[in-house]
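Participant: My structure file protein.cif, mmCIF, C-alpha atoms, is below:
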data_final
loop_
_atom_site.label_atom_id
_atom_site.label_comp_id
_atom_site.auth_asym_id
_atom_site.auth_seq_id
_atom_site.Cartn_x
_atom_site.Cartn_y
_atom_site.Cartn_z
CA MET A 819 104.99 81.55 68.89
CA LYS A 820 102.45 83.11 71.22
CA VAL A 821 103.02 86.51 72.80
CA ALA A 822 101.24 87.54 76.00
CA VAL A 823 101.11 91.28 76.67
CA LEU A 824 100.32 92.33 80.23
CA VAL A 825 98.11 95.41 80.59
CA LYS A 826 96.53 97.27 83.47
CA GLN A 827 93.66 99.72 83.81
CA THR A 828 94.80 102.94 85.49
CA PRO A 829 93.48 106.48 86.06
CA ASP A 830 93.79 108.83 83.10
CA THR A 831 96.72 111.09 83.98
CA ALA A 832 95.76 113.50 81.20
CA GLU A 833 92.46 114.36 82.86
CA LEU A 834 91.81 115.93 86.24
CA PRO A 835 89.45 113.88 88.44
CA LYS A 836 85.92 115.26 88.67
CA VAL A 837 85.15 115.91 92.34
CA SER A 838 81.61 116.58 93.53
CA ALA A 839 80.23 117.39 96.96
CA ASP A 840 79.04 113.78 97.27
CA ASP A 841 82.58 112.56 96.55
CA VAL A 842 83.93 114.77 99.32
CA ARG A 843 81.33 113.48 101.79
CA SER A 844 81.96 109.85 100.85
CA GLY A 845 85.73 110.23 100.70
CA SER A 846 85.95 108.93 97.13
CA VAL A 847 87.10 110.58 93.93
CA LYS A 848 85.93 109.38 90.53
CA ALA A 849 88.56 109.20 87.82
CA THR A 850 88.40 108.24 84.17
CA MET A 851 90.05 104.84 83.77
CA VAL A 852 92.16 103.96 80.73
CA ILE A 853 94.78 101.46 79.67
CA ASN A 854 98.08 102.15 81.42
CA PRO A 855 100.00 104.37 78.94
CA TRP A 856 103.21 102.33 79.34
CA ASP A 857 101.30 99.19 78.37
CA GLU A 858 100.37 100.68 75.00
CA PHE A 859 104.01 100.34 73.96
CA ALA A 860 103.92 96.68 75.02
CA ALA A 861 100.68 96.07 73.11
CA GLU A 862 102.10 97.73 70.00
CA GLU A 863 105.22 95.58 70.18
CA ALA A 864 103.12 92.43 70.53
CA ILE A 865 101.24 93.43 67.37
CA LEU A 866 104.48 94.15 65.50
CA LEU A 867 105.95 90.80 66.57
CA GLY A 868 102.84 89.14 65.18
CA GLU A 869 103.39 90.87 61.86
CA ARG A 870 107.12 90.10 61.76
CA PHE A 871 107.13 86.53 63.02
CA ASP A 872 103.56 85.33 62.45
CA ALA A 873 102.98 85.20 66.20
CA ASP A 874 99.65 85.04 67.98
CA SER A 875 99.04 87.60 70.71
CA VAL A 876 96.85 87.80 73.80
CA ALA A 877 96.39 90.67 76.24
CA ILE A 878 96.09 89.69 79.91
CA SER A 879 94.98 91.91 82.77
CA MET A 880 94.20 91.40 86.43
CA GLY A 881 91.46 93.42 88.04
CA SER A 882 87.75 93.76 88.56
CA PRO A 883 85.30 93.05 85.71
CA ASP A 884 85.57 96.74 84.79
CA ALA A 885 89.19 96.14 83.75
CA VAL A 886 87.94 94.68 80.47
CA ASP A 887 87.97 98.24 79.09
CA ALA A 888 91.77 98.21 79.09
CA LEU A 889 91.73 94.82 77.38
CA LYS A 890 89.28 96.09 74.77
CA HIS A 891 91.66 98.97 74.04
CA ALA A 892 94.41 96.43 73.35
CA LEU A 893 92.04 94.47 71.11
CA ALA A 894 91.08 97.64 69.26
CA MET A 895 94.77 98.32 68.63
CA GLY A 896 95.14 94.89 67.04
CA VAL A 897 96.08 92.39 69.75
CA GLY A 898 94.57 89.05 68.76
CA ALA A 899 92.79 87.98 71.96
CA ALA A 900 92.27 88.99 75.58
CA ALA A 901 91.82 87.35 78.98
CA LEU A 902 90.92 88.77 82.38
CA VAL A 903 92.07 87.52 85.76
CA ASP A 904 89.21 88.48 88.07
CA ASN A 905 90.52 89.46 91.50
CA SER A 906 87.14 90.45 92.95
CA ALA A 907 87.25 87.67 95.54
CA ILE A 908 90.87 88.25 96.55
CA THR A 909 91.68 90.32 99.64
CA GLY A 910 94.97 91.12 101.34
CA GLY A 911 97.00 90.87 98.16
CA ASP A 912 100.02 92.83 96.96
CA MET A 913 102.17 93.12 93.84
CA TRP A 914 103.49 89.60 94.37
CA THR A 915 99.91 88.30 94.47
CA THR A 916 99.35 90.06 91.16
CA ALA A 917 102.54 88.57 89.73
CA ALA A 918 101.53 85.07 90.78
CA ALA A 919 98.07 85.41 89.21
CA LEU A 920 99.43 86.85 85.97
CA ALA A 921 102.06 84.12 85.77
CA GLY A 922 99.31 81.54 86.14
CA ALA A 923 97.34 83.19 83.34
CA VAL A 924 100.42 83.24 81.09
CA LYS A 925 100.87 79.51 81.64
CA ALA A 926 97.19 78.88 80.94
CA GLU A 927 97.49 80.75 77.64
CA GLY A 928 100.56 78.72 76.63
CA ALA A 929 102.59 81.84 75.82
CA ASP A 930 106.25 81.68 74.80
CA LEU A 931 106.99 85.36 75.36
CA VAL A 932 105.65 87.99 77.77
CA ILE A 933 105.83 91.68 76.83
CA THR A 934 105.15 94.32 79.49
CA GLY A 935 105.41 98.06 79.98
CA LYS A 936 108.13 99.39 82.28
CA GLN A 937 105.69 100.38 85.06
CA SER A 938 102.17 101.57 85.80
CA VAL A 939 101.25 105.20 86.32
CA ASP A 940 99.41 104.49 89.59
CA ASP A 941 101.73 102.25 91.62
CA ASN A 942 104.97 103.01 89.71
CA SER A 943 106.66 100.00 91.31
CA GLY A 944 108.11 98.55 88.11
CA ALA A 945 108.30 95.26 89.99
CA VAL A 946 105.33 93.18 88.82
CA TYR A 947 106.96 91.99 85.60
CA ALA A 948 110.02 90.90 87.60
CA GLY A 949 107.70 88.94 89.87
CA VAL A 950 106.04 87.33 86.85
CA ALA A 951 109.43 86.26 85.48
CA ALA A 952 110.41 84.88 88.88
CA ARG A 953 107.19 82.89 89.25
CA LEU A 954 107.52 81.51 85.74
CA GLY A 955 111.24 80.84 86.12
CA TRP A 956 111.91 82.60 82.80
CA PRO A 957 114.80 84.93 81.92
CA LEU A 958 114.00 88.64 82.16
CA ILE A 959 115.14 91.51 79.95
CA SER A 960 114.22 95.02 81.07
CA ALA A 961 114.32 98.43 79.39
CA ALA A 962 114.16 96.95 75.88
CA THR A 963 114.37 99.48 73.06
CA LYS A 964 114.28 97.08 70.10
CA VAL A 965 113.48 93.45 69.38
CA VAL A 966 116.21 92.55 66.92
CA ASP A 967 115.20 88.99 66.08
CA VAL A 968 113.30 85.92 67.22
CA ALA A 969 114.79 82.72 65.81
CA ASP A 970 115.90 79.22 66.80
CA GLY A 971 114.05 79.39 70.10
CA LYS A 972 115.82 82.59 71.15
CA ILE A 973 115.05 86.31 71.26
CA THR A 974 117.63 89.03 70.68
CA VAL A 975 116.91 92.43 72.19
CA GLU A 976 118.61 95.80 72.42
CA ARG A 977 118.24 97.44 75.83
CA MET A 978 119.22 100.64 77.54
CA VAL A 979 121.80 100.60 80.30
CA GLU A 980 123.30 103.58 82.09
CA GLY A 981 125.21 105.60 79.52
CA ALA A 982 125.12 102.88 76.87
CA GLN A 983 123.12 100.32 74.93
CA GLU A 984 123.64 96.57 74.88
CA THR A 985 122.38 93.63 72.85
CA ILE A 986 121.23 90.51 74.71
CA THR A 987 120.12 87.09 73.46
CA VAL A 988 118.18 84.75 75.75
CA SER A 989 116.33 81.50 75.21
CA LEU A 990 112.56 81.45 75.02
CA PRO A 991 110.30 81.47 76.93
CA ALA A 992 111.20 84.87 78.36
CA VAL A 993 109.79 88.09 79.82
CA VAL A 994 110.66 91.43 78.22
CA SER A 995 109.72 94.86 79.57
CA VAL A 996 109.79 97.73 77.09
CA GLY A 997 110.17 101.49 77.29
CA LYS A 998 108.72 104.25 75.14
CA GLU A 999 111.76 104.19 72.84
CA ILE A 1000 110.74 100.86 71.32
CA ASN A 1001 107.88 102.06 69.08
CA GLU A 1002 105.04 104.51 68.55
CA PRO A 1003 101.70 103.01 69.65
CA ARG A 1004 99.02 103.15 66.98
CA TYR A 1005 95.60 104.66 67.47
CA PRO A 1006 92.79 102.09 67.50
CA SER A 1007 90.94 102.07 64.20
CA PHE A 1008 87.19 102.59 63.97
CA MET A 1009 86.70 98.99 62.86
CA GLY A 1010 89.00 97.82 65.63
CA ILE A 1011 86.97 99.72 68.23
CA ARG A 1012 83.72 98.25 66.92
CA LYS A 1013 85.13 94.73 66.95
CA ALA A 1014 86.58 95.15 70.45
CA SER A 1015 83.30 96.53 71.81
CA LYS A 1016 81.55 93.29 70.83
CA ALA A 1017 84.32 91.00 72.11
CA ASN A 1018 83.42 88.47 74.79
CA ILE A 1019 86.46 88.46 77.07
CA PRO A 1020 86.77 85.36 79.29
CA ALA A 1021 87.34 85.98 82.99
CA THR A 1022 89.14 83.50 85.23
CA PRO A 1023 88.86 83.90 89.02
CA ALA A 1024 92.29 84.45 90.52
CA GLY A 1025 91.56 81.59 92.92
CA ASP A 1026 91.44 79.19 89.96
CA LEU A 1027 95.04 80.15 89.21
CA GLY A 1028 96.24 79.14 92.65
CA VAL A 1029 96.07 82.59 94.23
CA ALA A 1030 94.30 82.83 97.58
CA SER A 1031 93.17 85.72 99.76
CA GLY A 1032 95.81 86.89 102.21
CA SER A 1033 98.61 85.56 100.00
CA GLY A 1034 100.44 88.86 99.92
CA LYS A 1035 103.96 88.89 101.33
CA THR A 1036 104.21 92.62 101.99
CA GLN A 1037 103.47 93.56 105.59
CA TRP A 1038 103.17 97.09 106.95
CA SER A 1039 104.00 97.37 110.63
CA ASN A 1040 104.88 100.12 113.06
CA ILE A 1041 103.40 102.78 110.79
CA ARG A 1042 103.68 106.21 112.36
CA LYS A 1043 104.02 109.83 111.47
CA PRO A 1044 107.55 111.23 111.27
CA GLU A 1045 108.65 113.36 114.16
CA GLU A 1046 107.60 116.98 113.87
CA ARG A 1047 110.43 119.23 112.74
CA LYS A 1048 110.38 122.68 114.27
CA THR A 1049 111.59 125.47 112.02
CA GLU A 1050 112.26 129.14 112.55
CA CYS A 1051 112.17 131.89 109.97
CA VAL A 1052 114.91 134.52 110.27
CA ILE A 1053 114.83 137.68 108.17
CA ILE A 1054 118.29 139.05 107.38
CA ASP A 1055 118.33 142.83 107.49
CA GLY A 1056 121.06 145.34 106.64
CA ALA A 1057 121.79 148.72 105.19
CA SER A 1058 123.06 147.31 101.89
CA VAL A 1059 123.04 144.16 99.81
CA GLU A 1060 126.65 143.49 100.77
CA GLU A 1061 125.85 143.75 104.48
CA LYS A 1062 122.85 141.43 104.12
CA ALA A 1063 124.95 138.90 102.19
CA ALA A 1064 127.67 138.98 104.84
CA LYS A 1065 125.14 138.43 107.64
CA LEU A 1066 123.52 135.58 105.68
CA ALA A 1067 126.90 133.91 105.13
CA ASP A 1068 127.72 134.24 108.86
CA ALA A 1069 124.35 132.70 109.80
CA LEU A 1070 124.79 129.78 107.39
CA MET A 1071 128.26 129.06 108.70
CA ALA A 1072 127.03 129.26 112.28
CA GLU A 1073 124.41 126.62 111.48
CA LYS A 1074 127.08 124.60 109.65
CA VAL A 1075 125.10 124.74 106.39
CA ILE A 1076 128.24 125.91 104.60
#
Let me see the file written as structure tokens.

Facilitator:
Amino acid sequence: MKVAVLVKQTPDTAELPKVSADDVRSGSVKATMVINPWDEFAAEEAILLGERFDADSVAISMGSPDAVDALKHALAMGVGAAALVDNSAITGGDMWTTAAALAGAVKAEGADLVITGKQSVDDNSGAVYAGVAARLGWPLISAATKVVDVADGKITVERMVEGAQETITVSLPAVVSVGKEINEPRYPSFMGIRKASKANIPATPAGDLGVASGSGKTQWSNIRKPEERKTECVIIDGASVEEKAAKLADALMAEKVI
């Protein structure tokens, strides 16, 4: 079995961006980029599945060449291999473009199972993994809290639902998104960091995976500011607290707030 874990490079939410005068003039803010925190849980689960079921693992990310840093973090944790989908030449894309490219990379890697985090800390859409499953035509399990078993070409997973927990079994290949309840991501070891720093991560242009510029399906039209809402501040005055409260209640009822 081969497990593909999808990761993304995102701004470090634990660190305030450093803003200089030049940044203000240029309209850009520099932020420290790290692996998406939610994806660390997915990477950890891919490693654990390798230990439990003798599975190979590969981390896949889509982004610019700089996105290899997130992949190297996954390698340092213990993921077996990494691959980058280079989107430098792609313009006019959206989350569905990303899903199509990642699905193509998963096919190219010959993976049987895709593990993803529940969302990214920058876009927060939580939709890319659903798009990947749709493009692959594979069953999708979301909000997984435990991988119970992988046997006989099937995967059994416990997942969270509103007010309860359920156990689901689906046939492989499949896509599974995980939450923070599933494990505790390990810290990369010193040897893992050294090995990852020397890793040569292959990059495949997104165009080679059948993704073209302008392939996004999301269109923004008729974008405008909301109508200005005029407000008025009224100070309730009175000789006592009781009088003020009575006047406030009368005003709220007059405005049909209560």

Participant: What does the structure give for the distance between atom CA of Asp857 of chain A and atom CA of Ile1019 of chain A, in Å to one decimal?

Facilitator: 18.4 Å

Participant: Which residues are close to Ile1000 of chain A, i.e. within 12 Å by only C-alpha atoms, leaving aside same-chain residues fewer than 4 positions away? Reply as a PyMOL selection string.

Facilitator: chain A and resi 856-864+866+933-936+960-966+975-978+994-996

Participant: Any idea what's packed within 10 Å of segment 886-901 of chain A, counting all atoms listed in the file, ignoring anything in its chain fewer than 6 positions away? Could you give it as a PyMOL selection string?

Facilitator: chain A and resi 821-828+851-854+857-858+860-866+868+873-880+923-924+927+1003-1022

Participant: Could you pull out every residue with an atom within 8 Å of (91.5, 96.1, 92.8), file coordinates, counting all atoms listed in the file, and send them as number ranges by chain?

Facilitator: A: 881-882, 905-906

Participant: What is the distance, in Å and to one decimal place, between atom CA of Thr974 of chain A and atom CA of Val988 of chain A?

Facilitator: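 We find that atom CA of Thr974 of chain A and atom CA of Val988 of chain A lie 6.7 Å from each other.
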
Participant: Could you state which residues are captured by the PyMOL selection byres ((chain A and resi 948) around 12) in this file, as JSON, numbers by chain?

Facilitator: {"A": [913, 914, 916, 917, 918, 920, 921, 932, 933, 934, 935, 936, 937, 943, 944, 945, 946, 947, 949, 950, 951, 952, 953, 954, 955, 956, 957, 958, 959, 960, 961, 992, 993, 994, 995]}

Participant: For the atom pair atom CA of Pro829 of chain A and atom CA of Gly922 of chain A, what is the interatomic distance in Å to one decimal place?

Facilitator: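 Taking atom CA of Pro829 of chain A as the start and atom CA of Gly922 of chain A as the end point, the length is 25.6 Å.
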
Participant: Pick the closest to Asp967 of chain A from A:Arg870, A:Glu1045, A:Thr915, A:Ser1039: which is it, counting all atoms listed in the file?

Facilitator: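 Smallest separation from Asp967 of chain A among the options: A:Arg870.
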
Participant: Care to translate the PyMOL selection byres ((chain A and resi 907) around 10) into actual residues of this file, as a PDB file with C-alpha atoms, in the coordinates of the input?

Facilitator:
ATOM      1  CA  SER A 882      87.750  93.760  88.560  1.00  0.00           C
ATOM      2  CA  ASP A 904      89.210  88.480  88.070  1.00  0.00           C
ATOM      3  CA  ASN A 905      90.520  89.460  91.500  1.00  0.00           C
ATOM      4  CA  SER A 906      87.140  90.450  92.950  1.00  0.00           C
ATOM      5  CA  ILE A 908      90.870  88.250  96.550  1.00  0.00           C
ATOM      6  CA  THR A 909      91.680  90.320  99.640  1.00  0.00           C
ATOM      7  CA  PRO A1023      88.860  83.900  89.020  1.00  0.00           C
ATOM      8  CA  ALA A1024      92.290  84.450  90.520  1.00  0.00           C
ATOM      9  CA  GLY A1025      91.560  81.590  92.920  1.00  0.00           C
ATOM     10  CA  ALA A1030      94.300  82.830  97.580  1.00  0.00           C
ATOM     11  CA  SER A1031      93.170  85.720  99.760  1.00  0.00           C
TER      12      SER A1031
END

Participant: May I have the centre and edge lengths, in Å to one decimal, of an axis-aligned box around the listed atoms of segment 890-898 of chain A with 4 Å added to every side, as JSON?

Facilitator:
{"center_x": 92.7, "center_y": 94.0, "center_z": 70.9, "size_x": 14.8, "size_y": 17.9, "size_z": 15.7}

Participant: Considering all atoms listed in the file, can you say which of A:Pro855, A:Asp830, A:Lys1043, A:Ala1069 comes closest to Lys998 of chain A?

Facilitator: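 Using all atoms listed in the file, the shortest distance to Lys998 of chain A belongs to A:Pro855.
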
Participant: Quick one: residues within 9 Å of (110.1, 77.3, 76.4) (file frame), counting all atoms listed in the file, please, as a PyMOL selection string.

Facilitator: chain A and resi 929-931+956+971+989-992

Participant: Using all atoms listed in the file for the distances, tell me which of A:Val1052, A:Leu1066, A:Ile973, A:Arg1042 is nearest to Ile986 of chain A.

Facilitator: A:Ile973
